[in-house]
Each structure stands twice: as C-alpha cells, then as structure tokens.
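Peer 1: For reference, the file model_10.tsv (TSV, N, CA and C atoms) is included below:
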```tsv
chain	number	residue	atom	x	y	z
Q	1	MET	N	0.85	-1.17	0.00
Q	1	MET	CA	0.00	0.00	0.00
Q	1	MET	C	0.90	1.24	0.00
Q	2	PRO	N	0.59	2.22	-0.85
Q	2	PRO	CA	1.38	3.46	-0.86
Q	2	PRO	C	1.35	4.15	0.50
Q	3	ASP	N	2.34	4.95	0.75
Q	3	ASP	CA	2.44	5.68	2.01
Q	3	ASP	C	1.64	6.97	1.92
Q	4	TYR	N	0.50	7.03	2.57
Q	4	TYR	CA	-0.35	8.22	2.58
Q	4	TYR	C	-0.20	8.95	3.91
Q	5	ASP	N	-0.59	10.20	3.93
Q	5	ASP	CA	-0.58	10.99	5.16
Q	5	ASP	C	-1.90	10.75	5.88
Q	6	TRP	N	-1.98	9.64	6.64
Q	6	TRP	CA	-3.21	9.24	7.33
Q	6	TRP	C	-3.45	10.16	8.53
Q	7	GLN	N	-4.68	10.61	8.68
Q	7	GLN	CA	-5.10	11.43	9.80
Q	7	GLN	C	-6.05	10.61	10.66
Q	8	LYS	N	-5.86	10.62	11.97
Q	8	LYS	CA	-6.75	9.90	12.89
Q	8	LYS	C	-7.99	10.74	13.13
Q	9	SER	N	-9.14	10.11	13.09
Q	9	SER	CA	-10.39	10.79	13.36
Q	9	SER	C	-10.41	11.33	14.79
Q	10	THR	N	-10.92	12.54	14.96
Q	10	THR	CA	-11.05	13.12	16.30
Q	10	THR	C	-12.13	12.40	17.10
Q	11	PHE	N	-12.97	11.61	16.44
Q	11	PHE	CA	-14.00	10.84	17.12
Q	11	PHE	C	-13.48	9.47	17.55
Q	12	SER	N	-12.20	9.21	17.39
Q	12	SER	CA	-11.59	7.94	17.76
Q	12	SER	C	-10.52	8.17	18.82
Q	13	PRO	N	-10.93	8.47	20.06
Q	13	PRO	CA	-9.95	8.80	21.08
Q	13	PRO	C	-9.12	7.60	21.54
Q	14	ASP	N	-9.67	6.39	21.48
Q	14	ASP	CA	-8.98	5.18	21.93
Q	14	ASP	C	-8.10	4.67	20.79
Q	15	ALA	N	-6.84	4.42	21.08
Q	15	ALA	CA	-5.89	3.97	20.04
Q	15	ALA	C	-6.30	2.65	19.40
Q	16	SER	N	-7.09	1.83	20.08
Q	16	SER	CA	-7.48	0.54	19.52
Q	16	SER	C	-8.75	0.63	18.67
Q	17	ASN	N	-9.41	1.76	18.65
Q	17	ASN	CA	-10.65	1.94	17.88
Q	17	ASN	C	-10.55	3.17	17.00
Q	18	CYS	N	-9.59	3.18	16.09
Q	18	CYS	CA	-9.34	4.37	15.29
Q	18	CYS	C	-9.80	4.22	13.85
Q	19	VAL	N	-10.30	5.30	13.31
Q	19	VAL	CA	-10.57	5.42	11.89
Q	19	VAL	C	-9.56	6.42	11.36
Q	20	HIS	N	-8.86	6.05	10.29
Q	20	HIS	CA	-7.88	6.93	9.68
Q	20	HIS	C	-8.36	7.37	8.30
Q	21	ILE	N	-8.07	8.61	7.95
Q	21	ILE	CA	-8.54	9.21	6.71
Q	21	ILE	C	-7.33	9.80	5.98
Q	22	ALA	N	-7.30	9.64	4.66
Q	22	ALA	CA	-6.25	10.23	3.84
Q	22	ALA	C	-6.87	10.62	2.50
Q	23	THR	N	-6.15	11.41	1.74
Q	23	THR	CA	-6.59	11.73	0.38
Q	23	THR	C	-5.58	11.18	-0.61
Q	24	HIS	N	-6.10	10.74	-1.71
Q	24	HIS	CA	-5.29	10.23	-2.82
Q	24	HIS	C	-4.99	11.41	-3.74
Q	25	PRO	N	-3.88	11.39	-4.47
Q	25	PRO	CA	-3.58	12.49	-5.39
Q	25	PRO	C	-4.69	12.78	-6.41
Q	26	THR	N	-5.54	11.80	-6.68
Q	26	THR	CA	-6.66	12.01	-7.61
Q	26	THR	C	-7.82	12.76	-6.98
Q	27	GLY	N	-7.77	12.96	-5.66
Q	27	GLY	CA	-8.85	13.62	-4.94
Q	27	GLY	C	-9.75	12.65	-4.20
Q	28	ALA	N	-9.56	11.36	-4.40
Q	28	ALA	CA	-10.36	10.35	-3.69
Q	28	ALA	C	-10.07	10.43	-2.20
Q	29	VAL	N	-11.08	10.08	-1.42
Q	29	VAL	CA	-10.95	10.02	0.04
Q	29	VAL	C	-10.77	8.56	0.43
Q	30	LEU	N	-9.74	8.28	1.23
Q	30	LEU	CA	-9.42	6.93	1.66
Q	30	LEU	C	-9.67	6.80	3.15
Q	31	LEU	N	-10.24	5.69	3.58
Q	31	LEU	CA	-10.49	5.44	4.99
Q	31	LEU	C	-10.06	4.02	5.33
Q	32	HIS	N	-9.51	3.84	6.51
Q	32	HIS	CA	-9.26	2.48	7.01
Q	32	HIS	C	-9.39	2.49	8.53
Q	33	GLU	N	-9.71	1.33	9.05
Q	33	GLU	CA	-9.90	1.14	10.49
Q	33	GLU	C	-8.62	0.53	11.03
Q	34	SER	N	-8.23	0.89	12.24
Q	34	SER	CA	-6.94	0.46	12.78
Q	34	SER	C	-6.77	-1.05	12.87
Q	35	ASP	N	-7.86	-1.79	13.05
Q	35	ASP	CA	-7.76	-3.25	13.16
Q	35	ASP	C	-7.48	-3.92	11.81
Q	36	THR	N	-7.87	-3.29	10.70
Q	36	THR	CA	-7.68	-3.86	9.37
Q	36	THR	C	-7.11	-2.79	8.43
Q	37	PRO	N	-5.88	-2.34	8.66
Q	37	PRO	CA	-5.32	-1.26	7.85
Q	37	PRO	C	-5.11	-1.62	6.39
Q	38	GLY	N	-5.09	-2.91	6.04
Q	38	GLY	CA	-4.93	-3.31	4.66
Q	38	GLY	C	-6.18	-3.17	3.84
Q	39	THR	N	-7.33	-3.04	4.50
Q	39	THR	CA	-8.60	-2.84	3.81
Q	39	THR	C	-8.90	-1.35	3.80
Q	40	VAL	N	-8.93	-0.77	2.62
Q	40	VAL	CA	-9.13	0.68	2.48
Q	40	VAL	C	-10.43	0.93	1.75
Q	41	LEU	N	-11.28	1.77	2.33
Q	41	LEU	CA	-12.50	2.21	1.66
Q	41	LEU	C	-12.15	3.45	0.85
Q	42	THR	N	-12.61	3.50	-0.37
Q	42	THR	CA	-12.34	4.62	-1.26
Q	42	THR	C	-13.65	5.25	-1.67
Q	43	THR	N	-13.72	6.57	-1.60
Q	43	THR	CA	-14.91	7.28	-2.01
Q	43	THR	C	-14.48	8.63	-2.57
Q	44	SER	N	-15.44	9.39	-3.03
Q	44	SER	CA	-15.16	10.75	-3.51
Q	44	SER	C	-15.59	11.73	-2.43
Q	45	PRO	N	-15.19	12.98	-2.53
Q	45	PRO	CA	-15.51	13.95	-1.48
Q	45	PRO	C	-17.01	14.12	-1.20
Q	46	ALA	N	-17.86	14.10	-2.22
Q	46	ALA	CA	-19.30	14.32	-1.98
Q	46	ALA	C	-19.92	13.24	-1.10
Q	47	PRO	N	-19.78	11.93	-1.42
Q	47	PRO	CA	-20.34	10.91	-0.53
Q	47	PRO	C	-19.71	10.93	0.86
Q	48	PHE	N	-18.41	11.24	0.93
Q	48	PHE	CA	-17.76	11.33	2.23
Q	48	PHE	C	-18.36	12.46	3.05
Q	49	GLY	N	-18.63	13.59	2.43
Q	49	GLY	CA	-19.29	14.70	3.11
Q	49	GLY	C	-20.67	14.32	3.62
Q	50	HIS	N	-21.41	13.56	2.81
Q	50	HIS	CA	-22.73	13.09	3.24
Q	50	HIS	C	-22.60	12.16	4.44
Q	51	LEU	N	-21.58	11.28	4.44
Q	51	LEU	CA	-21.35	10.38	5.57
Q	51	LEU	C	-21.07	11.18	6.84
Q	52	ILE	N	-20.18	12.15	6.76
Q	52	ILE	CA	-19.84	12.95	7.94
Q	52	ILE	C	-21.06	13.69	8.47
Q	53	ARG	N	-21.85	14.29	7.57
Q	53	ARG	CA	-23.06	14.99	8.02
Q	53	ARG	C	-24.05	14.03	8.67
Q	54	ALA	N	-24.21	12.83	8.08
Q	54	ALA	CA	-25.13	11.83	8.66
Q	54	ALA	C	-24.66	11.38	10.03
Q	55	LEU	N	-23.35	11.19	10.19
Q	55	LEU	CA	-22.83	10.77	11.49
Q	55	LEU	C	-23.02	11.85	12.55
Q	56	LYS	N	-22.97	13.10	12.14
Q	56	LYS	CA	-23.18	14.19	13.10
Q	56	LYS	C	-24.64	14.29	13.50
Q	57	VAL	N	-25.55	14.05	12.55
Q	57	VAL	CA	-26.98	14.17	12.82
Q	57	VAL	C	-27.53	12.92	13.50
Q	58	PHE	N	-27.10	11.75	13.04
Q	58	PHE	CA	-27.61	10.47	13.55
Q	58	PHE	C	-26.45	9.60	14.02
Q	59	PRO	N	-25.73	9.96	15.06
Q	59	PRO	CA	-24.52	9.22	15.44
Q	59	PRO	C	-24.77	7.77	15.81
Q	60	GLN	N	-25.93	7.40	16.31
Q	60	GLN	CA	-26.18	6.02	16.73
Q	60	GLN	C	-26.71	5.15	15.60
Q	61	SER	N	-27.37	5.72	14.60
Q	61	SER	CA	-28.03	4.90	13.58
Q	61	SER	C	-27.36	4.96	12.21
Q	62	ALA	N	-26.43	5.88	11.98
Q	62	ALA	CA	-25.85	6.04	10.64
Q	62	ALA	C	-25.07	4.83	10.19
Q	63	ALA	N	-24.52	4.05	11.07
Q	63	ALA	CA	-23.68	2.91	10.69
Q	63	ALA	C	-24.47	1.77	10.07
Q	64	GLY	N	-25.77	1.72	10.26
Q	64	GLY	CA	-26.55	0.60	9.76
Q	64	GLY	C	-27.11	0.79	8.36
Q	65	GLY	N	-26.77	1.89	7.68
Q	65	GLY	CA	-27.37	2.19	6.39
Q	65	GLY	C	-26.60	1.63	5.20
Q	66	ASN	N	-27.00	2.08	4.03
Q	66	ASN	CA	-26.40	1.70	2.75
Q	66	ASN	C	-25.01	2.30	2.66
Q	67	SER	N	-24.07	1.59	2.05
Q	67	SER	CA	-22.71	2.10	1.93
Q	67	SER	C	-22.58	3.17	0.86
Q	68	GLY	N	-23.59	3.39	0.05
Q	68	GLY	CA	-23.58	4.46	-0.95
Q	68	GLY	C	-22.39	4.38	-1.87
Q	69	GLY	N	-21.55	5.44	-1.89
Q	69	GLY	CA	-20.42	5.51	-2.79
Q	69	GLY	C	-19.15	4.89	-2.24
Q	70	LEU	N	-19.21	4.20	-1.11
Q	70	LEU	CA	-18.00	3.59	-0.55
Q	70	LEU	C	-17.76	2.22	-1.13
Q	71	ARG	N	-16.51	1.88	-1.39
Q	71	ARG	CA	-16.17	0.54	-1.85
Q	71	ARG	C	-14.86	0.12	-1.23
Q	72	ALA	N	-14.77	-1.15	-0.87
Q	72	ALA	CA	-13.56	-1.66	-0.22
Q	72	ALA	C	-12.54	-2.03	-1.28
Q	73	ARG	N	-11.26	-1.90	-0.89
Q	73	ARG	CA	-10.16	-2.21	-1.78
Q	73	ARG	C	-9.04	-2.78	-0.95
Q	74	GLY	N	-8.30	-3.68	-1.48
Q	74	GLY	CA	-7.17	-4.26	-0.75
Q	74	GLY	C	-7.62	-5.45	0.08
Q	75	GLY	N	-6.93	-5.69	1.17
Q	75	GLY	CA	-7.38	-6.77	2.04
Q	75	GLY	C	-6.26	-7.51	2.53
```
Go ahead and render the structure in this file as structure tokens.

Peer 2:
Amino acid sequence: MPDYDWQKSTFSPDASNCVHIATHPTGAVLLHESDTPGTVLTTSPAPFGHLIRALKVFPQSAAGGNSGGLRARGG
C-alpha cells in the first residue's frame, strides 16, 4: 500500500478503535480502520461529506445504512 498521510479521526480517542482518513492524489478520500489497515475504503468527497453529516446528525443509527459511494479495496 502506498504511504499516505493518514489522519486519525477526532471521534476515535482510543488507540485501539481508530478510523484513519487520507486523500489520494486524484482527490479520492481513503479510509481504514486500525484493526484492518490493509482494507481501504475509497470514495469521492461528496459521498464522504454526506457520511460525515449523517454521522453528526444520527450518530447512533448512521452505521446501519447503505454504503452508498464507498467501496472496499485491498485486504
């Protein structure tokens, strides 16, 4: 996996439960969870923005919905 400038989510205070976010030179948004760093979700800025807004409005229920524009890569 290329070396990206991964940023830890401010909503992940515990080191064992972290979500990391990076951008690809193409503008794609990359996400991975600390337990499975080889699996990277790739999306574009618009769907990622929708995800962030949904998590802020519905923090307990947003995780159970459709993945929309997210797709897994790697593994």

Peer 1: How far is it from atom CA of Q:Leu55 to atom CA of Q:Gly27, in Å with one decimal?

Peer 2: 21.8 Å

Peer 1: Mind giving me the straight-line distance from atom C of Q:Pro37 to atom C of Q:Lys56 in Å, one decimal?

Peer 2: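 These two atoms are separated by 26.2 Å.
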
Peer 1: Excluding same-chain residues fewer than 3 positions from stretch 15-25 of chain Q, what lies within 6.5 Å of it counting only N, CA and C atoms, as a ChimeraX atom specification?

Peer 2: /Q:4-9,12,28-35

Peer 1: How many Å separate atom C of Q:Thr26 from atom C of Q:Phe48?

Peer 2: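 Straight-line distance from atom C of Q:Thr26 to atom C of Q:Phe48 works out to 14.6 Å.
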